[in-house]
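Containing mmCIF, C-alpha atoms: target04.cif.
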data_run
#
loop_
_atom_site.group_PDB
_atom_site.id
_atom_site.type_symbol
_atom_site.label_atom_id
_atom_site.label_comp_id
_atom_site.auth_asym_id
_atom_site.auth_seq_id
_atom_site.Cartn_x
_atom_site.Cartn_y
_atom_site.Cartn_z
ATOM 1 C CA MET A 1 82.791 97.632 77.547
ATOM 2 C CA VAL A 2 84.740 97.725 80.775
ATOM 3 C CA GLN A 3 88.084 95.984 80.618
ATOM 4 C CA TYR A 4 88.095 93.418 83.413
ATOM 5 C CA THR A 5 91.442 93.207 85.155
ATOM 6 C CA PRO A 6 91.021 91.148 88.318
ATOM 7 C CA SER A 7 94.686 91.252 89.282
ATOM 8 C CA LEU A 8 94.789 95.048 89.078
ATOM 9 C CA ASP A 9 91.602 95.195 91.175
ATOM 10 C CA ARG A 10 93.167 92.911 93.759
ATOM 11 C CA SER A 11 96.344 94.995 93.948
ATOM 12 C CA PHE A 12 94.469 98.264 94.437
ATOM 13 C CA ALA A 13 92.080 96.713 96.970
ATOM 14 C CA ALA A 14 94.992 95.149 98.872
ATOM 15 C CA ILE A 15 96.746 98.470 99.353
ATOM 16 C CA SER A 16 93.594 100.456 100.135
ATOM 17 C CA ASP A 17 93.896 99.433 103.801
ATOM 18 C CA PRO A 18 96.355 101.290 106.085
ATOM 19 C CA THR A 19 97.331 98.158 108.048
ATOM 20 C CA ARG A 20 98.125 96.252 104.867
ATOM 21 C CA ARG A 21 100.229 99.164 103.563
ATOM 22 C CA ALA A 22 102.043 99.240 106.905
ATOM 23 C CA ILE A 23 102.712 95.465 106.703
ATOM 24 C CA LEU A 24 104.270 95.946 103.251
ATOM 25 C CA LEU A 25 106.473 98.778 104.501
ATOM 26 C CA ARG A 26 107.523 96.715 107.532
ATOM 27 C CA LEU A 27 108.463 93.730 105.355
ATOM 28 C CA GLY A 28 110.251 95.971 102.874
ATOM 29 C CA ARG A 29 112.345 97.576 105.610
ATOM 30 C CA GLN A 30 113.213 94.582 107.749
ATOM 31 C CA ALA A 31 113.030 91.472 105.545
ATOM 32 C CA ASP A 32 110.653 88.765 106.663
ATOM 33 C CA ALA A 33 108.611 88.358 109.846
ATOM 34 C CA SER A 34 106.431 85.687 111.375
ATOM 35 C CA ILE A 35 102.662 86.097 111.587
ATOM 36 C CA SER A 36 102.885 86.421 115.366
ATOM 37 C CA GLU A 37 105.648 89.068 115.187
ATOM 38 C CA LEU A 38 103.483 91.111 112.830
ATOM 39 C CA ALA A 39 100.427 90.644 115.067
ATOM 40 C CA GLU A 40 102.465 92.030 117.974
ATOM 41 C CA VAL A 41 103.843 94.990 116.009
ATOM 42 C CA PHE A 42 100.386 95.977 114.755
ATOM 43 C CA GLU A 43 98.629 95.171 118.029
ATOM 44 C CA MET A 44 96.157 92.812 116.357
ATOM 45 C CA THR A 45 94.840 89.317 117.006
ATOM 46 C CA LEU A 46 96.463 86.488 115.040
ATOM 47 C CA THR A 47 93.149 85.927 113.224
ATOM 48 C CA GLY A 48 92.868 89.578 112.242
ATOM 49 C CA LEU A 49 96.435 89.719 111.026
ATOM 50 C CA LYS A 50 96.121 86.465 109.065
ATOM 51 C CA LYS A 51 93.160 87.940 107.152
ATOM 52 C CA HIS A 52 95.244 90.926 106.058
ATOM 53 C CA VAL A 53 98.146 88.674 105.071
ATOM 54 C CA ARG A 54 95.795 86.498 102.996
ATOM 55 C CA VAL A 55 94.541 89.541 101.050
ATOM 56 C CA LEU A 56 98.133 90.620 100.377
ATOM 57 C CA GLU A 57 99.112 87.065 99.391
ATOM 58 C CA ASP A 58 96.153 86.726 96.984
ATOM 59 C CA ALA A 59 97.391 89.901 95.285
ATOM 60 C CA GLY A 60 100.921 88.462 95.074
ATOM 61 C CA LEU A 61 102.288 91.301 97.208
ATOM 62 C CA VAL A 62 103.542 89.000 99.974
ATOM 63 C CA ALA A 63 104.494 85.332 100.052
ATOM 64 C CA THR A 64 104.272 83.061 103.082
ATOM 65 C CA GLU A 65 106.158 79.913 103.975
ATOM 66 C CA LYS A 66 105.614 77.581 106.892
ATOM 67 C CA VAL A 67 108.835 76.527 108.613
ATOM 68 C CA GLY A 68 108.108 74.053 111.390
ATOM 69 C CA ARG A 69 105.226 75.588 113.297
ATOM 70 C CA VAL A 70 105.928 79.165 112.306
ATOM 71 C CA ARG A 71 104.512 80.908 109.200
ATOM 72 C CA HIS A 72 106.926 83.459 107.749
ATOM 73 C CA VAL A 73 105.807 86.370 105.606
ATOM 74 C CA LYS A 74 107.994 88.204 103.106
ATOM 75 C CA ILE A 75 107.613 90.545 100.130
ATOM 76 C CA GLY A 76 105.999 88.623 97.244
ATOM 77 C CA PRO A 77 106.766 88.373 93.543
ATOM 78 C CA ARG A 78 104.514 91.242 92.457
ATOM 79 C CA ARG A 79 105.796 94.731 93.162
ATOM 80 C CA LEU A 80 102.886 96.940 92.163
ATOM 81 C CA ASP A 81 104.148 97.183 88.580
ATOM 82 C CA ASP A 82 100.610 97.004 87.157
ATOM 83 C CA VAL A 83 99.331 99.605 89.625
ATOM 84 C CA THR A 84 102.252 101.922 88.823
ATOM 85 C CA LYS A 85 101.648 101.501 85.089
ATOM 86 C CA TRP A 86 97.930 102.285 85.331
ATOM 87 C CA ILE A 87 98.446 105.392 87.467
ATOM 88 C CA SER A 88 101.260 106.671 85.316
ATOM 89 C CA SER A 89 99.238 106.402 82.072
ATOM 90 C CA TYR A 90 96.283 108.103 83.761
ATOM 91 C CA ARG A 91 98.469 111.004 84.909
ATOM 92 C CA THR A 92 100.154 111.293 81.506
ATOM 93 C CA MET A 93 96.720 111.558 79.903
ATOM 94 C CA LEU A 94 95.690 114.362 82.296
ATOM 95 C CA GLU A 95 98.960 116.237 81.658
ATOM 96 C CA GLU A 96 98.538 115.956 77.908
ATOM 97 C CA ARG A 97 95.049 117.388 78.208
ATOM 98 C CA LEU A 98 96.410 120.292 80.225
ATOM 99 C CA ASP A 99 99.079 120.865 77.540
ATOM 100 C CA HIS A 100 96.420 120.980 74.827
ATOM 101 C CA LEU A 101 94.422 123.479 76.845
ATOM 102 C CA GLU A 102 97.484 125.689 77.354
ATOM 103 C CA LYS A 103 98.314 125.589 73.643
ATOM 104 C CA PHE A 104 94.718 126.472 72.800
ATOM 105 C CA LEU A 105 94.798 129.439 75.187
ATOM 106 C CA GLU A 106 98.164 130.527 73.712
ATOM 107 C CA ARG A 107 96.780 130.328 70.161
ATOM 108 C CA THR A 108 93.633 132.270 70.962
ATOM 109 C CA LYS A 109 95.380 134.955 73.089
ATOM 110 C CA GLY A 110 94.492 138.434 71.951
ATOM 111 C CA MET A 111 91.699 137.183 69.743
ATOM 112 C CA PRO A 112 88.550 139.286 70.002
ATOM 113 C CA MET B 1 101.102 102.273 115.374
ATOM 114 C CA VAL B 2 99.417 102.321 111.999
ATOM 115 C CA GLN B 3 99.367 105.736 110.359
ATOM 116 C CA TYR B 4 95.733 106.455 109.535
ATOM 117 C CA THR B 5 95.347 108.194 106.239
ATOM 118 C CA PRO B 6 91.662 108.161 105.306
ATOM 119 C CA SER B 7 92.119 110.151 102.093
ATOM 120 C CA LEU B 8 94.760 107.718 100.808
ATOM 121 C CA ASP B 9 92.453 104.798 101.684
ATOM 122 C CA ARG B 10 89.625 106.452 99.797
ATOM 123 C CA SER B 11 91.784 107.055 96.718
ATOM 124 C CA PHE B 12 93.017 103.452 96.571
ATOM 125 C CA ALA B 13 89.538 102.046 97.218
ATOM 126 C CA ALA B 14 88.033 104.326 94.556
ATOM 127 C CA ILE B 15 90.384 103.078 91.845
ATOM 128 C CA SER B 16 90.188 99.401 92.873
ATOM 129 C CA ASP B 17 87.051 98.997 90.755
ATOM 130 C CA PRO B 18 87.374 98.548 86.958
ATOM 131 C CA THR B 19 84.239 100.590 86.155
ATOM 132 C CA ARG B 20 85.465 103.507 88.252
ATOM 133 C CA ARG B 21 88.879 103.395 86.556
ATOM 134 C CA ALA B 22 87.124 103.343 83.179
ATOM 135 C CA ILE B 23 85.007 106.380 84.181
ATOM 136 C CA LEU B 24 88.193 108.297 85.067
ATOM 137 C CA LEU B 25 89.802 107.389 81.733
ATOM 138 C CA ARG B 26 86.639 108.395 79.855
ATOM 139 C CA LEU B 27 86.491 111.784 81.611
ATOM 140 C CA GLY B 28 90.218 112.304 81.116
ATOM 141 C CA ARG B 29 89.951 111.637 77.393
ATOM 142 C CA GLN B 30 86.748 113.464 76.505
ATOM 143 C CA ALA B 31 86.224 116.193 79.100
ATOM 144 C CA ASP B 32 82.971 116.067 81.038
ATOM 145 C CA ALA B 33 79.894 113.892 80.623
ATOM 146 C CA SER B 34 76.442 113.722 82.131
ATOM 147 C CA ILE B 35 75.468 110.918 84.492
ATOM 148 C CA SER B 36 73.080 109.524 81.865
ATOM 149 C CA GLU B 37 75.743 109.610 79.124
ATOM 150 C CA LEU B 38 78.097 107.657 81.379
ATOM 151 C CA ALA B 39 75.329 105.180 82.293
ATOM 152 C CA GLU B 40 74.793 104.570 78.583
ATOM 153 C CA VAL B 41 78.498 104.162 77.793
ATOM 154 C CA PHE B 42 79.003 101.687 80.644
ATOM 155 C CA GLU B 43 75.663 99.934 80.117
ATOM 156 C CA MET B 44 74.582 100.510 83.707
ATOM 157 C CA THR B 45 71.468 101.756 85.466
ATOM 158 C CA LEU B 46 71.491 105.404 86.551
ATOM 159 C CA THR B 47 71.435 104.260 90.191
ATOM 160 C CA GLY B 48 74.434 101.967 89.708
ATOM 161 C CA LEU B 49 76.415 104.624 87.922
ATOM 162 C CA LYS B 50 75.556 107.307 90.501
ATOM 163 C CA LYS B 51 76.996 105.068 93.241
ATOM 164 C CA HIS B 52 80.326 104.788 91.410
ATOM 165 C CA VAL B 53 80.400 108.545 90.779
ATOM 166 C CA ARG B 54 79.751 109.195 94.477
ATOM 167 C CA VAL B 55 82.723 107.027 95.505
ATOM 168 C CA LEU B 56 84.957 108.879 93.030
ATOM 169 C CA GLU B 57 83.609 112.254 94.193
ATOM 170 C CA ASP B 58 84.212 111.417 97.882
ATOM 171 C CA ALA B 59 87.830 110.682 96.953
ATOM 172 C CA GLY B 60 88.067 114.035 95.122
ATOM 173 C CA LEU B 61 88.826 112.250 91.837
ATOM 174 C CA VAL B 62 85.765 113.632 90.063
ATOM 175 C CA ALA B 63 83.590 116.697 90.634
ATOM 176 C CA THR B 64 79.920 117.008 89.715
ATOM 177 C CA GLU B 65 77.794 120.033 88.942
ATOM 178 C CA LYS B 66 74.066 120.228 88.324
ATOM 179 C CA VAL B 67 73.116 122.429 85.381
ATOM 180 C CA GLY B 68 69.381 122.628 85.040
ATOM 181 C CA ARG B 69 68.166 119.066 85.334
ATOM 182 C CA VAL B 70 71.412 117.459 84.203
ATOM 183 C CA ARG B 71 74.294 116.461 86.500
ATOM 184 C CA HIS B 72 77.673 116.832 84.812
ATOM 185 C CA VAL B 73 80.753 114.895 85.907
ATOM 186 C CA LYS B 74 84.354 115.970 85.276
ATOM 187 C CA ILE B 75 87.838 115.198 86.571
ATOM 188 C CA GLY B 76 88.137 116.452 90.174
ATOM 189 C CA PRO B 77 90.793 118.441 92.009
ATOM 190 C CA ARG B 78 92.764 115.422 93.234
ATOM 191 C CA ARG B 79 94.921 113.665 90.671
ATOM 192 C CA LEU B 80 96.205 110.627 92.545
ATOM 193 C CA ASP B 81 99.244 112.567 93.812
ATOM 194 C CA ASP B 82 99.084 110.869 97.221
ATOM 195 C CA VAL B 83 98.685 107.423 95.682
ATOM 196 C CA THR B 84 101.605 108.050 93.316
ATOM 197 C CA LYS B 85 103.761 109.259 96.201
ATOM 198 C CA TRP B 86 103.035 106.224 98.377
ATOM 199 C CA ILE B 87 103.704 103.710 95.596
ATOM 200 C CA SER B 88 106.867 105.451 94.503
ATOM 201 C CA SER B 89 108.368 105.460 98.034
ATOM 202 C CA TYR B 90 107.433 101.799 98.457
ATOM 203 C CA ARG B 91 109.159 100.870 95.202
ATOM 204 C CA THR B 92 112.214 102.972 96.019
ATOM 205 C CA MET B 93 112.498 101.119 99.321
ATOM 206 C CA LEU B 94 112.362 97.729 97.569
ATOM 207 C CA GLU B 95 114.979 98.827 95.016
ATOM 208 C CA GLU B 96 117.309 100.078 97.747
ATOM 209 C CA ARG B 97 117.006 96.739 99.502
ATOM 210 C CA LEU B 98 117.899 94.954 96.272
ATOM 211 C CA ASP B 99 120.921 97.260 95.872
ATOM 212 C CA HIS B 100 122.120 96.439 99.390
ATOM 213 C CA LEU B 101 121.747 92.740 98.676
ATOM 214 C CA GLU B 102 123.735 93.054 95.424
ATOM 215 C CA LYS B 103 126.505 94.993 97.182
ATOM 216 C CA PHE B 104 126.636 92.388 99.932
ATOM 217 C CA LEU B 105 126.933 89.581 97.352
ATOM 218 C CA GLU B 106 129.644 91.571 95.522
ATOM 219 C CA ARG B 107 131.591 92.087 98.769
ATOM 220 C CA THR B 108 131.384 88.447 99.803
ATOM 221 C CA LYS B 109 132.144 87.054 96.304
ATOM 222 C CA GLY B 110 134.985 84.556 96.412
ATOM 223 C CA MET B 111 134.921 84.383 100.200
ATOM 224 C CA PRO B 112 135.209 80.862 101.513
#

Would you encode the structure as structure tokens?
Amino acid sequence: MVQYTPSLDRSFAAISDPTRRAILLRLGRQADASISELAEVFEMTLTGLKKHVRVLEDAGLVATEKVGRVRHVKIGPRRLDDVTKWISSYRTMLEERLDHLEKFLERTKGMP
Amino acid sequence: MVQYTPSLDRSFAAISDPTRRAILLRLGRQADASISELAEVFEMTLTGLKKHVRVLEDAGLVATEKVGRVRHVKIGPRRLDDVTKWISSYRTMLEERLDHLEKFLERTKGMP
């Protein structure tokens, strides 16, 4: 019955955390950063930050690359297209329902 | 450092589950439903379904009302406006960065 969309679930879950949203904004504004730079900016341990980065990477929202001994993080291939699409169809559906209701009220105005 | 936005977290977390998204779509399409109707549609126990409804209600995405012995569920006051706003600014930021990159490549085209 329920349509199973693991990638959509992962995207929504990834951005449900304020630190992970902040990491995305930081990477969007100032290109890439190393794990340790991000840990410093967000005042977190390396382990804590790595966990967040892994969740974002699993959702395709960031990509990481190891150069020498440093792991760099940058915006990934997926740009919340699926999330945007789902939300926009949901909102369109609600607006259409509101339109129908308005038309119904218009039609029945003045009726006894 | 990190901007704490509990209501945004709750919205994203609420819609990260496929059953909860399906409940929203069902309520959007066919007005309200009772808890037991929804449990039947989604082939879940009443307890399981109630948990999902509670998460959606805490996020303001559905509202419930008890009429007699039946609890009715309908679309709530919040319509993912905050979620839409966050995603749209994030995407705008990424597009602007792409524009800057294109302009830079245009400017430096043919340079040695």

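Note that the spacing between atom CA of Arg10 of chain B and atom CA of Thr64 of chain A amounts to 27.8 Å.
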
Checklist line | Nearest residue to chain B from the set A:Arg107, A:Arg29, A:Arg54, A:Arg69 (distances using only C-alpha atoms) | finding: A:Arg29

Hey, which bits of chain B sit within 8 Å of chain A, and for each residue what's the closest pair of atoms and how far apart in Å (one decimal), counting only C-alpha atoms, rows by chain and increasing number, as CSV?
residue,atom,partner,partner_atom,distance
B:Met1,CA,A:Phe42,CA,6.4
B:Val2,CA,A:Thr19,CA,6.1
B:Gln3,CA,A:Pro18,CA,6.9
B:Tyr4,CA,A:Pro18,CA,6.2
B:Thr5,CA,A:Pro18,CA,7.0
B:Leu8,CA,A:Ser16,CA,7.4
B:Asp9,CA,A:Ser16,CA,4.7
B:Arg10,CA,A:Ser16,CA,7.2
B:Ser11,CA,A:Ser16,CA,7.6
B:Phe12,CA,A:Ser16,CA,4.7
B:Ala13,CA,A:Ser16,CA,5.2
B:Ile15,CA,A:Phe12,CA,6.8
B:Ser16,CA,A:Phe12,CA,4.7
B:Asp17,CA,A:Asp9,CA,5.9
B:Pro18,CA,A:Tyr4,CA,6.3
B:Thr19,CA,A:Val2,CA,6.1
B:Ala22,CA,A:Val2,CA,6.6
B:Leu25,CA,A:Tyr90,CA,6.8
B:Gly28,CA,A:Leu94,CA,6.0
B:Arg29,CA,A:Met93,CA,7.2
B:Val41,CA,A:Met1,CA,7.8
B:Phe42,CA,A:Met1,CA,6.4
B:Glu43,CA,A:Met1,CA,7.9
B:Arg79,CA,A:Arg91,CA,7.3
B:Leu80,CA,A:Ile87,CA,7.6
B:Thr84,CA,A:Ile87,CA,7.2
B:Ile87,CA,A:Thr84,CA,7.2
B:Tyr90,CA,A:Leu25,CA,6.8
B:Arg91,CA,A:Arg79,CA,7.3
B:Met93,CA,A:Gly28,CA,6.6
B:Leu94,CA,A:Gly28,CA,6.0
B:Arg97,CA,A:Gly28,CA,7.6

Writer output for current selection, C-alpha atoms, as a CSV table (one decimal), keeping the file's coordinate frame:
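Generated file (selection_22.csv):
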chain,number,residue,atom,x,y,z
B,1,MET,CA,101.1,102.3,115.4
B,2,VAL,CA,99.4,102.3,112.0
B,3,GLN,CA,99.4,105.7,110.4
B,4,TYR,CA,95.7,106.5,109.5
B,5,THR,CA,95.3,108.2,106.2
B,8,LEU,CA,94.8,107.7,100.8
B,9,ASP,CA,92.5,104.8,101.7
B,10,ARG,CA,89.6,106.5,99.8
B,11,SER,CA,91.8,107.1,96.7
B,12,PHE,CA,93.0,103.5,96.6
B,13,ALA,CA,89.5,102.0,97.2
B,15,ILE,CA,90.4,103.1,91.8
B,16,SER,CA,90.2,99.4,92.9
B,17,ASP,CA,87.1,99.0,90.8
B,18,PRO,CA,87.4,98.5,87.0
B,19,THR,CA,84.2,100.6,86.2
B,22,ALA,CA,87.1,103.3,83.2
B,25,LEU,CA,89.8,107.4,81.7
B,28,GLY,CA,90.2,112.3,81.1
B,29,ARG,CA,90.0,111.6,77.4
B,41,VAL,CA,78.5,104.2,77.8
B,42,PHE,CA,79.0,101.7,80.6
B,43,GLU,CA,75.7,99.9,80.1
B,79,ARG,CA,94.9,113.7,90.7
B,80,LEU,CA,96.2,110.6,92.5
B,84,THR,CA,101.6,108.0,93.3
B,87,ILE,CA,103.7,103.7,95.6
B,90,TYR,CA,107.4,101.8,98.5
B,91,ARG,CA,109.2,100.9,95.2
B,93,MET,CA,112.5,101.1,99.3
B,94,LEU,CA,112.4,97.7,97.6
B,97,ARG,CA,117.0,96.7,99.5

Item checked: Matched chain/residue IDs from the PyMOL selection byres ((chain B and resi 62) around 8), as a PyMOL selection string -> chain B and resi 24+53+56-57+59-61+63-64+73-78

Next item on the list: Pull the neighbourhood of (79.1, 110.2, 87.4) for me: all residues within 7 Å in file coordinates, counting all atoms listed in the file, as a list in words.
Entry: Ser34, Ile35, Leu38, Leu49, Lys50, His52, Val53 and Val73 of chain B

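Note that atom CA of Val70 of chain B and atom CA of Ala33 of chain B are 9.9 Å apart.
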
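Atom CA of Val67 of chain A to atom CA of Val55 of chain A spans 20.8 Å [interatomic distance, one decimal].
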
What box, with edges along x, y and z, holds each listed atom of segment 99-112 of chain B when 6 Å is added on every side, and can you state its centre and edge lengths in Å to one decimal, as lines of an AutoDock Vina configuration file?
center_x = 128.1
center_y = 89.1
center_z = 98.5
size_x = 26.3
size_y = 28.4
size_z = 18.1
